[in-house]
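run23.csv follows (CSV, C-alpha atoms):
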chain,number,residue,atom,x,y,z
A,1,MET,CA,-13.8,13.0,1.7
A,2,ALA,CA,-13.5,9.5,0.4
A,3,LEU,CA,-14.4,8.5,-3.1
A,4,ILE,CA,-17.4,6.5,-1.9
A,5,ASP,CA,-18.8,9.7,-0.3
A,6,LEU,CA,-18.9,11.4,-3.7
A,7,ILE,CA,-20.9,8.6,-5.4
A,8,GLU,CA,-24.7,9.0,-5.5
A,9,GLU,CA,-27.4,8.2,-8.0
A,10,ALA,CA,-27.4,11.7,-9.4
A,11,VAL,CA,-23.8,11.5,-10.6
A,12,ILE,CA,-24.2,8.2,-12.4
A,13,LYS,CA,-25.1,8.0,-16.0
A,14,ALA,CA,-26.1,4.4,-17.0
A,15,PRO,CA,-26.6,3.8,-19.8
A,16,MET,CA,-24.8,6.6,-21.6
A,17,ALA,CA,-26.1,7.8,-25.0
A,18,ALA,CA,-22.9,9.3,-26.2
A,19,THR,CA,-21.1,7.8,-29.3
A,20,THR,CA,-18.0,10.0,-29.5
A,21,LYS,CA,-15.3,11.1,-27.0
A,22,GLU,CA,-16.5,14.7,-26.9
A,23,GLU,CA,-20.1,13.6,-26.5
A,24,ALA,CA,-19.1,11.3,-23.6
A,25,VAL,CA,-17.3,14.1,-21.8
A,26,ARG,CA,-20.2,16.5,-22.4
A,27,GLU,CA,-22.8,13.9,-21.2
A,28,LEU,CA,-21.0,13.3,-17.9
A,29,VAL,CA,-20.3,16.9,-17.3
A,30,GLU,CA,-24.0,17.6,-17.9
A,31,THR,CA,-24.8,14.9,-15.4
A,32,LEU,CA,-22.7,16.7,-12.8
A,33,PHE,CA,-24.3,20.0,-13.7
A,34,ALA,CA,-27.8,18.6,-13.3
A,35,ALA,CA,-26.7,17.3,-9.9
A,36,GLY,CA,-25.6,20.8,-8.9
A,37,LYS,CA,-21.9,19.8,-8.6
A,38,ILE,CA,-20.5,22.3,-11.1
A,39,VAL,CA,-21.4,25.9,-11.9
A,40,ASP,CA,-20.2,26.2,-15.5
A,41,LYS,CA,-20.6,23.3,-18.0
A,42,ASN,CA,-18.4,24.8,-20.8
A,43,THR,CA,-15.5,25.6,-18.5
A,44,ALA,CA,-15.6,22.1,-17.1
A,45,ILE,CA,-15.8,20.5,-20.5
A,46,ASN,CA,-12.9,22.5,-21.8
A,47,ALA,CA,-10.8,21.6,-18.7
A,48,ILE,CA,-11.4,17.9,-19.5
A,49,LEU,CA,-10.8,18.2,-23.2
A,50,ASP,CA,-7.7,20.3,-22.8
A,51,ARG,CA,-6.3,17.6,-20.6
A,52,GLU,CA,-7.3,14.9,-23.0
A,53,ALA,CA,-5.5,16.8,-25.8
A,54,LYS,CA,-2.2,16.2,-24.0
A,55,GLY,CA,-2.8,12.5,-23.8
A,56,SER,CA,-5.8,10.3,-23.5
A,57,THR,CA,-6.9,9.0,-20.1
A,58,GLY,CA,-8.3,5.9,-21.8
A,59,LEU,CA,-6.7,3.0,-20.0
A,60,GLU,CA,-6.8,-0.7,-20.9
A,61,ASP,CA,-9.8,-3.0,-20.8
A,62,GLY,CA,-12.5,-0.4,-21.5
A,63,ILE,CA,-11.9,2.1,-18.7
A,64,ALA,CA,-11.2,5.8,-18.9
A,65,VAL,CA,-10.5,8.4,-16.2
A,66,PRO,CA,-10.9,11.9,-17.7
A,67,HIS,CA,-10.1,14.5,-15.1
A,68,GLY,CA,-9.3,18.1,-14.5
A,69,LYS,CA,-8.8,21.0,-12.2
A,70,THR,CA,-11.3,23.8,-12.6
A,71,LEU,CA,-13.0,26.6,-10.7
A,72,ALA,CA,-16.2,25.4,-12.4
A,73,ALA,CA,-16.3,22.6,-9.8
A,74,ARG,CA,-17.9,23.7,-6.5
A,75,GLU,CA,-16.0,20.8,-4.8
A,76,LEU,CA,-14.3,17.6,-5.6
A,77,THR,CA,-16.8,15.6,-7.6
A,78,VAL,CA,-17.0,12.4,-9.7
A,79,ALA,CA,-19.3,11.2,-12.4
A,80,ILE,CA,-19.6,7.5,-13.3
A,81,GLY,CA,-20.7,6.6,-16.8
A,82,ILE,CA,-21.5,3.2,-18.4
A,83,SER,CA,-21.6,2.9,-22.2
A,84,PRO,CA,-23.0,-0.5,-23.2
A,85,LYS,CA,-21.6,-0.3,-26.7
A,86,GLY,CA,-18.4,1.4,-25.9
A,87,ILE,CA,-16.9,4.7,-27.2
A,88,GLU,CA,-13.6,5.3,-29.0
A,89,PHE,CA,-11.6,7.2,-26.4
A,90,GLY,CA,-8.1,6.8,-27.7
A,91,SER,CA,-7.4,4.1,-25.1
A,92,MET,CA,-4.0,2.4,-24.6
A,93,ASP,CA,-5.1,-0.9,-26.1
A,94,GLY,CA,-7.4,0.5,-28.8
A,95,LYS,CA,-10.5,-1.0,-27.3
A,96,PRO,CA,-13.7,1.1,-26.9
A,97,THR,CA,-14.3,2.6,-23.4
A,98,ARG,CA,-17.3,1.3,-21.6
A,99,LEU,CA,-16.7,2.5,-18.0
A,100,PHE,CA,-15.9,6.2,-17.3
A,101,PHE,CA,-14.8,7.8,-14.0
A,102,LEU,CA,-14.8,11.6,-14.7
A,103,LEU,CA,-13.4,13.6,-11.9
A,104,LEU,CA,-13.4,17.4,-11.5
A,105,ALA,CA,-11.9,19.4,-8.6
A,106,PRO,CA,-11.3,23.0,-7.7
A,107,PRO,CA,-7.6,23.9,-7.6
A,108,ASP,CA,-7.3,24.1,-3.8
A,109,VAL,CA,-8.1,20.5,-2.8
A,110,THR,CA,-5.2,18.7,-4.4
A,111,GLY,CA,-4.8,16.2,-1.5
A,112,PRO,CA,-8.4,14.8,-1.7
A,113,HIS,CA,-8.2,15.0,-5.5
A,114,ILE,CA,-5.2,12.8,-5.6
A,115,ALA,CA,-6.7,10.4,-3.0
A,116,ALA,CA,-9.9,10.0,-5.1
A,117,LEU,CA,-7.9,9.4,-8.3
A,118,ALA,CA,-5.8,6.8,-6.4
A,119,ASP,CA,-9.0,5.1,-5.2
A,120,ILE,CA,-10.2,5.0,-8.9
A,121,ALA,CA,-6.8,3.6,-10.0
A,122,ARG,CA,-7.2,0.8,-7.3
A,123,LEU,CA,-10.8,0.1,-8.4
A,124,SER,CA,-9.8,-0.1,-12.1
A,125,ARG,CA,-7.4,-2.9,-11.2
A,126,SER,CA,-10.3,-5.1,-10.2
A,127,LYS,CA,-11.3,-6.7,-13.4
A,128,ALA,CA,-14.2,-8.5,-11.9
A,129,LEU,CA,-15.7,-5.3,-10.5
A,130,CYS,CA,-15.1,-3.3,-13.6
A,131,SER,CA,-16.8,-6.0,-15.7
A,132,ALA,CA,-19.7,-6.1,-13.4
A,133,LEU,CA,-20.0,-2.2,-13.5
A,134,MET,CA,-19.9,-2.3,-17.3
A,135,GLU,CA,-23.0,-4.5,-17.3
A,136,CYS,CA,-25.0,-2.1,-15.1
A,137,ARG,CA,-27.9,-0.4,-16.8
A,138,SER,CA,-29.1,1.9,-14.1
A,139,PRO,CA,-27.5,4.1,-11.4
A,140,GLY,CA,-29.1,1.9,-8.8
A,141,GLU,CA,-27.2,-1.1,-10.0
A,142,VAL,CA,-23.9,0.8,-9.9
A,143,LEU,CA,-24.6,1.9,-6.3
A,144,LYS,CA,-25.5,-1.6,-5.3
A,145,LEU,CA,-22.1,-2.8,-6.5
A,146,LEU,CA,-20.1,-0.2,-4.7
A,147,LYS,CA,-22.0,0.5,-1.4
A,148,ASP,CA,-23.1,-1.7,1.4
A,149,ASP,CA,-26.7,-1.0,2.4
B,1,MET,CA,0.3,9.0,38.3
B,2,ILE,CA,2.0,8.9,34.9
B,3,ARG,CA,0.3,11.1,32.3
B,4,PRO,CA,-0.8,8.7,29.5
B,5,ILE,CA,-0.9,11.4,26.8
B,6,LYS,CA,2.1,13.6,26.6
B,7,LYS,CA,2.4,13.9,22.8
B,8,ILE,CA,-0.5,14.2,20.4
B,9,MET,CA,-0.3,14.1,16.6
B,10,VAL,CA,-3.0,15.2,14.2
B,11,TYR,CA,-3.0,14.1,10.6
B,12,ILE,CA,-3.9,16.8,8.1
B,13,ASP,CA,-4.9,15.9,4.5
B,14,GLY,CA,-6.6,19.1,3.3
B,15,SER,CA,-10.1,17.9,4.0
B,16,GLU,CA,-12.5,19.8,6.2
B,17,GLN,CA,-12.6,16.7,8.5
B,18,SER,CA,-8.9,16.9,9.1
B,19,ILE,CA,-9.2,20.6,10.1
B,20,THR,CA,-11.9,19.6,12.6
B,21,ALA,CA,-9.5,17.0,13.9
B,22,ALA,CA,-6.9,19.7,14.3
B,23,GLN,CA,-9.3,21.8,16.4
B,24,TYR,CA,-10.0,18.9,18.6
B,25,ALA,CA,-6.3,18.1,18.9
B,26,ILE,CA,-5.7,21.7,20.0
B,27,VAL,CA,-8.4,21.5,22.6
B,28,LEU,CA,-7.1,18.2,23.9
B,29,ALA,CA,-3.5,19.4,24.0
B,30,LYS,CA,-4.5,22.5,25.9
B,31,THR,CA,-6.6,20.4,28.4
B,32,LEU,CA,-4.0,17.7,28.9
B,33,GLY,CA,-0.9,19.9,28.7
B,34,ALA,CA,0.4,17.7,25.9
B,35,ASP,CA,2.8,18.5,23.1
B,36,LEU,CA,1.1,18.9,19.8
B,37,TYR,CA,2.3,17.8,16.3
B,38,ALA,CA,0.6,18.3,13.0
B,39,LEU,CA,1.5,16.1,10.0
B,40,TYR,CA,0.8,16.5,6.3
B,41,VAL,CA,2.0,13.8,3.9
B,42,VAL,CA,2.6,14.6,0.3
B,43,ASP,CA,1.4,11.4,-1.2
B,44,THR,CA,4.2,10.8,-3.7
B,45,ARG,CA,3.3,7.1,-3.9
B,46,ALA,CA,-0.2,7.9,-5.2
B,47,LEU,CA,1.3,10.3,-7.8
B,48,ALA,CA,3.7,7.6,-9.0
B,49,GLU,CA,0.9,5.0,-9.2
B,50,LEU,CA,-1.2,7.5,-11.2
B,51,VAL,CA,1.6,7.8,-13.7
B,52,LYS,CA,2.2,4.0,-13.7
B,53,TYR,CA,-1.5,3.4,-14.6
B,54,ARG,CA,-1.4,6.2,-17.2
B,55,ILE,CA,-4.0,8.3,-15.5
B,56,PHE,CA,-1.3,11.0,-15.1
B,57,LEU,CA,1.2,12.2,-17.6
B,58,ASP,CA,4.8,12.8,-16.3
B,59,THR,CA,4.3,16.5,-16.5
B,60,GLU,CA,1.0,16.3,-14.6
B,61,GLN,CA,2.7,14.3,-11.8
B,62,GLU,CA,5.2,17.2,-11.3
B,63,GLU,CA,2.4,19.8,-11.4
B,64,TYR,CA,0.3,18.0,-8.8
B,65,ARG,CA,3.4,17.4,-6.6
B,66,ARG,CA,4.0,21.1,-6.5
B,67,ASP,CA,0.3,21.7,-5.8
B,68,LEU,CA,0.4,19.1,-2.9
B,69,GLU,CA,3.5,20.8,-1.5
B,70,GLY,CA,1.8,24.1,-1.6
B,71,ASP,CA,-1.3,22.6,0.0
B,72,ALA,CA,0.9,21.1,2.7
B,73,GLN,CA,2.3,24.5,3.6
B,74,ARG,CA,-1.0,26.2,3.4
B,75,TYR,CA,-2.9,23.7,5.6
B,76,LEU,CA,0.0,23.4,8.1
B,77,ASN,CA,0.1,27.2,8.4
B,78,HIS,CA,-3.6,27.3,8.9
B,79,VAL,CA,-3.4,24.7,11.7
B,80,ARG,CA,-0.4,26.6,13.2
B,81,GLU,CA,-2.6,29.7,13.3
B,82,LEU,CA,-5.5,27.8,14.9
B,83,ALA,CA,-3.1,26.6,17.6
B,84,ARG,CA,-1.6,30.1,18.1
B,85,LYS,CA,-5.1,31.6,18.7
B,86,LYS,CA,-5.4,29.2,21.6
B,87,GLY,CA,-1.9,29.8,22.9
B,88,ILE,CA,-0.7,26.3,22.0
B,89,PRO,CA,2.7,25.7,20.6
B,90,ILE,CA,2.7,23.2,17.7
B,91,ILE,CA,5.3,21.4,15.7
B,92,THR,CA,4.3,21.0,12.0
B,93,GLU,CA,5.8,18.3,9.9
B,94,LYS,CA,5.6,17.7,6.2
B,95,ALA,CA,6.6,14.2,4.9
B,96,MET,CA,6.6,12.6,1.5
B,97,GLY,CA,5.8,9.0,0.6
B,98,ALA,CA,2.9,6.6,1.2
B,99,VAL,CA,0.5,8.3,3.6
B,100,HIS,CA,-0.2,5.4,6.0
B,101,SER,CA,3.5,4.4,6.1
B,102,GLU,CA,4.6,8.0,6.8
B,103,ILE,CA,2.0,8.4,9.6
B,104,LYS,CA,3.3,5.2,11.1
B,105,ASN,CA,6.9,6.3,10.8
B,106,LYS,CA,6.3,9.7,12.3
B,107,VAL,CA,4.3,8.3,15.2
B,108,LYS,CA,7.2,6.1,16.0
B,109,GLU,CA,9.9,8.8,15.4
B,110,PHE,CA,8.2,11.3,17.8
B,111,SER,CA,7.0,8.7,20.3
B,112,ILE,CA,3.4,9.9,19.9
B,113,ASP,CA,0.9,8.8,22.5
B,114,LEU,CA,-2.3,9.6,20.6
B,115,LEU,CA,-3.0,10.0,16.9
B,116,ILE,CA,-6.0,12.1,16.0
B,117,ILE,CA,-7.6,11.7,12.5
B,118,GLY,CA,-10.6,13.3,10.8
B,119,GLU,CA,-14.0,11.6,10.6
B,120,LEU,CA,-14.2,8.7,8.2
B,121,SER,CA,-16.8,8.0,5.6
B,122,HIS,CA,-20.3,7.3,7.0
B,123,ILE,CA,-20.8,5.0,4.0
B,124,ARG,CA,-19.7,1.5,4.1
B,125,SER,CA,-18.2,0.3,0.9
B,126,ARG,CA,-18.3,-3.2,-0.5
B,127,ARG,CA,-14.8,-2.6,-1.8
B,128,ASP,CA,-11.6,-3.0,0.1
B,129,GLU,CA,-10.0,-0.7,-2.5
B,130,LEU,CA,-12.0,2.2,-1.0
B,131,TYR,CA,-10.5,2.2,2.5
B,132,ASN,CA,-8.7,5.5,2.6
B,133,GLU,CA,-5.2,6.2,3.8
B,134,ALA,CA,-6.3,7.4,7.2
B,135,GLU,CA,-8.1,4.2,7.7
B,136,ARG,CA,-5.0,2.2,6.7
B,137,ALA,CA,-2.9,4.3,9.1
B,138,MET,CA,-5.4,3.7,11.9
B,139,ARG,CA,-4.9,0.0,11.5
B,140,SER,CA,-1.1,0.1,11.4
B,141,VAL,CA,0.1,2.7,13.9
B,142,SER,CA,1.4,1.5,17.3
B,143,CYS,CA,-0.4,4.1,19.5
B,144,PRO,CA,-4.1,4.7,20.3
B,145,VAL,CA,-6.1,6.5,17.6
B,146,LEU,CA,-8.9,9.0,18.1
B,147,ILE,CA,-11.4,9.8,15.4
B,148,ALA,CA,-12.7,13.4,15.7
B,149,LYS,CA,-16.4,13.1,15.0
B,150,GLY,CA,-19.0,15.8,15.5
B,151,GLU,CA,-18.0,19.0,13.7
B,152,GLU,CA,-20.3,21.4,15.4
B,153,LYS,CA,-19.5,20.2,18.9
B,154,ILE,CA,-15.8,20.3,18.2
B,155,TRP,CA,-16.1,23.8,16.8
B,156,ASP,CA,-17.9,24.9,20.0
B,157,LEU,CA,-15.2,23.3,22.1
B,158,TYR,CA,-12.5,25.0,20.1
B,159,GLU,CA,-14.2,28.4,20.3
B,160,SER,CA,-14.8,28.2,24.0
B,161,ALA,CA,-11.2,27.0,24.8
B,162,GLU,CA,-9.6,29.8,26.9
Go ahead and express the file in the form of structure tokens.
Amino acid sequence: MALIDLIEEAVIKAPMAATTKEEAVRELVETLFAAGKIVDKNTAINAILDREAKGSTGLEDGIAVPHGKTLAARELTVAIGISPKGIEFGSMDGKPTRLFFLLLAPPDVTGPHIAALADIARLSRSKALCSALMECRSPGEVLKLLKDD
Amino acid sequence: MIRPIKKIMVYIDGSEQSITAAQYAIVLAKTLGADLYALYVVDTRALAELVKYRIFLDTEQEEYRRDLEGDAQRYLNHVRELARKKGIPIITEKAMGAVHSEIKNKVKEFSIDLLIIGELSHIRSRRDELYNEAERAMRSVSCPVLIAKGEEKIWDLYESAE
């Protein structure tokens, strides 16, 4: 299962309404819940926040990759979120986060889980793409950037 | 006539598609009388990159490496059992490193005639970054590559293999 297979309109939140780190995690997890990708919102939120408590996944240049292993995820799943104003996420460079890739996986799919995170890491190195994604204001715009019709 | 396919290798990555590929490899090995190898690569390069880009903590890297090694054993055992049910001997191999490089190395090391991989994404991406490791391996190995498509048909073939 490639990262691109996991991305559909239902798992994209653009624009996000959240203004804090916890709200951002909650909003993206709720997006996955509404899309039928997870069975228990609170367990998933706690998995992400527990991981964040050990060290923020806020990278440089407005990108964050919160992630976690949890039985609340039916399968490997990813949510993409765009925050036009940016959210304080404890990032490495202190800048607010505008582009989120939130990934959840059940514990028994570590190989695909790592592969998807590695794909996200590669995507996050493309400044032009990430800048373009940050300007998206609808799920359709995000999909258009990532998928070939 | 020389048999063109004496050694088949199937790449297992823990996905359903790779298990389907293993079923097809078992059917082909049985039909052709070929030796069968199954390879799982613990992607330590990806783990190191995730630490480098601060997506992973050092402790997380170690935790996931252990998980990957556990997955490798579990999935290779599963494939061994699938082969055993059809009376096919199989050599299972676990490697560590960059996936596409390790696949290429093992194909060369074992003089593999045919590499079988699971179905690739149906979706075309605009992004080169999203070509997965199996696709990279497909481009770099020196032997023919077969992509096992059609889960239901392959399941029927596997089930009916005597």
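CA of Ile103 in chain B sits 7.6 Å away from CA of Tyr11 in chain B.
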Residues of chain A at most 10 Å from chain B: nearest atom pair and distance in Å, only C-alpha atoms, as CSV:
residue,atom,partner,partner_atom,distance
A:Met1,CA,B:Ser15,CA,6.6
A:Ala2,CA,B:Ser121,CA,6.3
A:Leu3,CA,B:Leu130,CA,7.1
A:Ile4,CA,B:Ser125,CA,6.8
A:Asp5,CA,B:Ser121,CA,6.5
A:Arg51,CA,B:Glu60,CA,9.5
A:Lys54,CA,B:Leu57,CA,8.3
A:Gly55,CA,B:Leu57,CA,7.4
A:Ser56,CA,B:Ile55,CA,8.4
A:Thr57,CA,B:Ile55,CA,5.5
A:Gly58,CA,B:Ile55,CA,8.0
A:Leu59,CA,B:Arg54,CA,6.8
A:Glu60,CA,B:Tyr53,CA,9.2
A:Ala64,CA,B:Ile55,CA,8.3
A:Val65,CA,B:Ile55,CA,6.5
A:Pro66,CA,B:Ile55,CA,8.1
A:His67,CA,B:Ile55,CA,8.7
A:Met92,CA,B:Arg54,CA,8.7
A:Pro107,CA,B:Asp67,CA,8.4
A:Asp108,CA,B:Asp71,CA,7.3
A:Val109,CA,B:Gly14,CA,6.4
A:Thr110,CA,B:Leu68,CA,5.8
A:Gly111,CA,B:Gly14,CA,5.9
A:Pro112,CA,B:Ser15,CA,6.7
A:His113,CA,B:Tyr64,CA,9.6
A:Ile114,CA,B:Ala46,CA,7.0
A:Ala115,CA,B:Ala46,CA,7.3
A:Ala116,CA,B:Asn132,CA,9.0
A:Leu117,CA,B:Leu50,CA,7.5
A:Ala118,CA,B:Ala46,CA,5.8
A:Asp119,CA,B:Leu130,CA,5.9
A:Ile120,CA,B:Glu129,CA,8.6
A:Ala121,CA,B:Leu50,CA,6.9
A:Arg122,CA,B:Glu129,CA,5.8
A:Leu123,CA,B:Glu129,CA,6.0
A:Ser124,CA,B:Tyr53,CA,9.3
A:Arg125,CA,B:Tyr53,CA,9.3
A:Ser126,CA,B:Glu129,CA,8.9
A:Leu129,CA,B:Arg127,CA,9.2
A:Leu143,CA,B:Ser125,CA,9.8
A:Lys144,CA,B:Arg126,CA,8.8
A:Leu145,CA,B:Arg126,CA,7.1
A:Leu146,CA,B:Arg126,CA,5.5
A:Lys147,CA,B:Ser125,CA,4.4
A:Asp148,CA,B:Ser125,CA,5.3
A:Asp149,CA,B:Arg124,CA,7.6
| Residues near Met9 in chain B, cut-off 8 Å, all atoms listed in the file, skip fewer than 4 positions along chain, as a ChimeraX atom specification | /B:25,36-39,107,112,114-116
**Study point:** Point-to-point distance in Å for CA of Cys130 in chain A and CA of Glu52 in chain A
**Key:**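 For CA of Glu52 in chain A relative to CA of Cys130 in chain A, the distance reads 21.9 Å.
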| What is the CA of Pro4 in chain B-CA of Phe110 in chain B distance in Å, reported with one decimal? |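 Computing it gives 15.0 Å between the two atoms.
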Report task. Would you please work out which residue, of B:Ile117, B:His100, B:Leu146, B:Ile154, is nearest to Val10 in chain B when using only C-alpha atoms? Result ->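 Going through B:Ile117, B:His100, B:Leu146, B:Ile154 one by one, the smallest distance to Val10 in chain B is for B:Ile117.
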N, CA and C atoms modelled onto range 17-46 of chain B, as a PDB file, in the frame of the given file:
ATOM      1  N   GLN B  17     -12.642  17.597   7.301  1.00  0.00           N
ATOM      2  CA  GLN B  17     -12.600  16.700   8.500  1.00  0.00           C
ATOM      3  C   GLN B  17     -11.301  16.752   9.194  1.00  0.00           C
ATOM      4  N   SER B  18     -10.223  16.911   8.447  1.00  0.00           N
ATOM      5  CA  SER B  18      -8.900  16.900   9.100  1.00  0.00           C
ATOM      6  C   SER B  18      -8.697  18.263   9.850  1.00  0.00           C
ATOM      7  N   ILE B  19      -9.312  19.329   9.376  1.00  0.00           N
ATOM      8  CA  ILE B  19      -9.200  20.600  10.100  1.00  0.00           C
ATOM      9  C   ILE B  19     -10.007  20.526  11.401  1.00  0.00           C
ATOM     10  N   THR B  20     -11.156  19.879  11.330  1.00  0.00           N
ATOM     11  CA  THR B  20     -11.900  19.600  12.600  1.00  0.00           C
ATOM     12  C   THR B  20     -11.097  18.814  13.545  1.00  0.00           C
ATOM     13  N   ALA B  21     -10.405  17.819  13.023  1.00  0.00           N
ATOM     14  CA  ALA B  21      -9.500  17.000  13.900  1.00  0.00           C
ATOM     15  C   ALA B  21      -8.457  17.847  14.525  1.00  0.00           C
ATOM     16  N   ALA B  22      -7.942  18.806  13.764  1.00  0.00           N
ATOM     17  CA  ALA B  22      -6.900  19.700  14.300  1.00  0.00           C
ATOM     18  C   ALA B  22      -7.472  20.536  15.448  1.00  0.00           C
ATOM     19  N   GLN B  23      -8.688  21.029  15.285  1.00  0.00           N
ATOM     20  CA  GLN B  23      -9.300  21.800  16.400  1.00  0.00           C
ATOM     21  C   GLN B  23      -9.466  20.984  17.623  1.00  0.00           C
ATOM     22  N   TYR B  24      -9.875  19.732  17.435  1.00  0.00           N
ATOM     23  CA  TYR B  24     -10.000  18.900  18.600  1.00  0.00           C
ATOM     24  C   TYR B  24      -8.690  18.564  19.244  1.00  0.00           C
ATOM     25  N   ALA B  25      -7.678  18.368  18.406  1.00  0.00           N
ATOM     26  CA  ALA B  25      -6.300  18.100  18.900  1.00  0.00           C
ATOM     27  C   ALA B  25      -5.826  19.293  19.745  1.00  0.00           C
ATOM     28  N   ILE B  26      -6.122  20.484  19.288  1.00  0.00           N
ATOM     29  CA  ILE B  26      -5.700  21.700  20.000  1.00  0.00           C
ATOM     30  C   ILE B  26      -6.398  21.762  21.378  1.00  0.00           C
ATOM     31  N   VAL B  27      -7.697  21.477  21.367  1.00  0.00           N
ATOM     32  CA  VAL B  27      -8.400  21.500  22.600  1.00  0.00           C
ATOM     33  C   VAL B  27      -7.882  20.447  23.599  1.00  0.00           C
ATOM     34  N   LEU B  28      -7.632  19.244  23.084  1.00  0.00           N
ATOM     35  CA  LEU B  28      -7.100  18.200  23.900  1.00  0.00           C
ATOM     36  C   LEU B  28      -5.696  18.522  24.462  1.00  0.00           C
ATOM     37  N   ALA B  29      -4.848  19.036  23.574  1.00  0.00           N
ATOM     38  CA  ALA B  29      -3.500  19.400  24.000  1.00  0.00           C
ATOM     39  C   ALA B  29      -3.504  20.429  25.073  1.00  0.00           C
ATOM     40  N   LYS B  30      -4.403  21.385  24.936  1.00  0.00           N
ATOM     41  CA  LYS B  30      -4.500  22.500  25.900  1.00  0.00           C
ATOM     42  C   LYS B  30      -5.005  21.881  27.281  1.00  0.00           C
ATOM     43  N   THR B  31      -6.008  21.016  27.200  1.00  0.00           N
ATOM     44  CA  THR B  31      -6.600  20.400  28.400  1.00  0.00           C
ATOM     45  C   THR B  31      -5.601  19.523  29.129  1.00  0.00           C
ATOM     46  N   LEU B  32      -4.866  18.744  28.350  1.00  0.00           N
ATOM     47  CA  LEU B  32      -4.000  17.700  28.900  1.00  0.00           C
ATOM     48  C   LEU B  32      -2.545  18.230  29.146  1.00  0.00           C
ATOM     49  N   GLY B  33      -2.256  19.411  28.605  1.00  0.00           N
ATOM     50  CA  GLY B  33      -0.900  19.900  28.700  1.00  0.00           C
ATOM     51  C   GLY B  33       0.076  19.074  27.851  1.00  0.00           C
ATOM     52  N   ALA B  34      -0.442  18.573  26.742  1.00  0.00           N
ATOM     53  CA  ALA B  34       0.400  17.700  25.900  1.00  0.00           C
ATOM     54  C   ALA B  34       1.066  18.502  24.785  1.00  0.00           C
ATOM     55  N   ASP B  35       2.187  17.962  24.295  1.00  0.00           N
ATOM     56  CA  ASP B  35       2.800  18.500  23.100  1.00  0.00           C
ATOM     57  C   ASP B  35       1.997  18.180  21.894  1.00  0.00           C
ATOM     58  N   LEU B  36       1.938  19.120  20.935  1.00  0.00           N
ATOM     59  CA  LEU B  36       1.100  18.900  19.800  1.00  0.00           C
ATOM     60  C   LEU B  36       1.903  18.930  18.483  1.00  0.00           C
ATOM     61  N   TYR B  37       1.651  17.920  17.656  1.00  0.00           N
ATOM     62  CA  TYR B  37       2.300  17.800  16.300  1.00  0.00           C
ATOM     63  C   TYR B  37       1.218  17.752  15.270  1.00  0.00           C
ATOM     64  N   ALA B  38       1.477  18.384  14.130  1.00  0.00           N
ATOM     65  CA  ALA B  38       0.600  18.300  13.000  1.00  0.00           C
ATOM     66  C   ALA B  38       1.385  17.729  11.804  1.00  0.00           C
ATOM     67  N   LEU B  39       0.830  16.720  11.138  1.00  0.00           N
ATOM     68  CA  LEU B  39       1.500  16.100  10.000  1.00  0.00           C
ATOM     69  C   LEU B  39       0.733  16.136   8.741  1.00  0.00           C
ATOM     70  N   TYR B  40       1.387  16.537   7.658  1.00  0.00           N
ATOM     71  CA  TYR B  40       0.800  16.500   6.300  1.00  0.00           C
ATOM     72  C   TYR B  40       1.720  15.591   5.477  1.00  0.00           C
ATOM     73  N   VAL B  41       1.154  14.647   4.769  1.00  0.00           N
ATOM     74  CA  VAL B  41       2.000  13.800   3.900  1.00  0.00           C
ATOM     75  C   VAL B  41       1.686  14.063   2.449  1.00  0.00           C
ATOM     76  N   VAL B  42       2.712  14.472   1.730  1.00  0.00           N
ATOM     77  CA  VAL B  42       2.600  14.600   0.300  1.00  0.00           C
ATOM     78  C   VAL B  42       2.650  13.210  -0.305  1.00  0.00           C
ATOM     79  N   ASP B  43       1.519  12.786  -0.852  1.00  0.00           N
ATOM     80  CA  ASP B  43       1.400  11.400  -1.200  1.00  0.00           C
ATOM     81  C   ASP B  43       2.076  11.096  -2.563  1.00  0.00           C
ATOM     82  N   THR B  44       3.379  10.999  -2.515  1.00  0.00           N
ATOM     83  CA  THR B  44       4.200  10.800  -3.700  1.00  0.00           C
ATOM     84  C   THR B  44       3.950   9.352  -4.279  1.00  0.00           C
ATOM     85  N   ARG B  45       3.565   8.437  -3.393  1.00  0.00           N
ATOM     86  CA  ARG B  45       3.300   7.100  -3.900  1.00  0.00           C
ATOM     87  C   ARG B  45       2.069   7.064  -4.786  1.00  0.00           C
ATOM     88  N   ALA B  46       1.014   7.801  -4.369  1.00  0.00           N
ATOM     89  CA  ALA B  46      -0.200   7.900  -5.200  1.00  0.00           C
ATOM     90  C   ALA B  46       0.133   8.528  -6.538  1.00  0.00           C
TER      91      ALA B  46
END
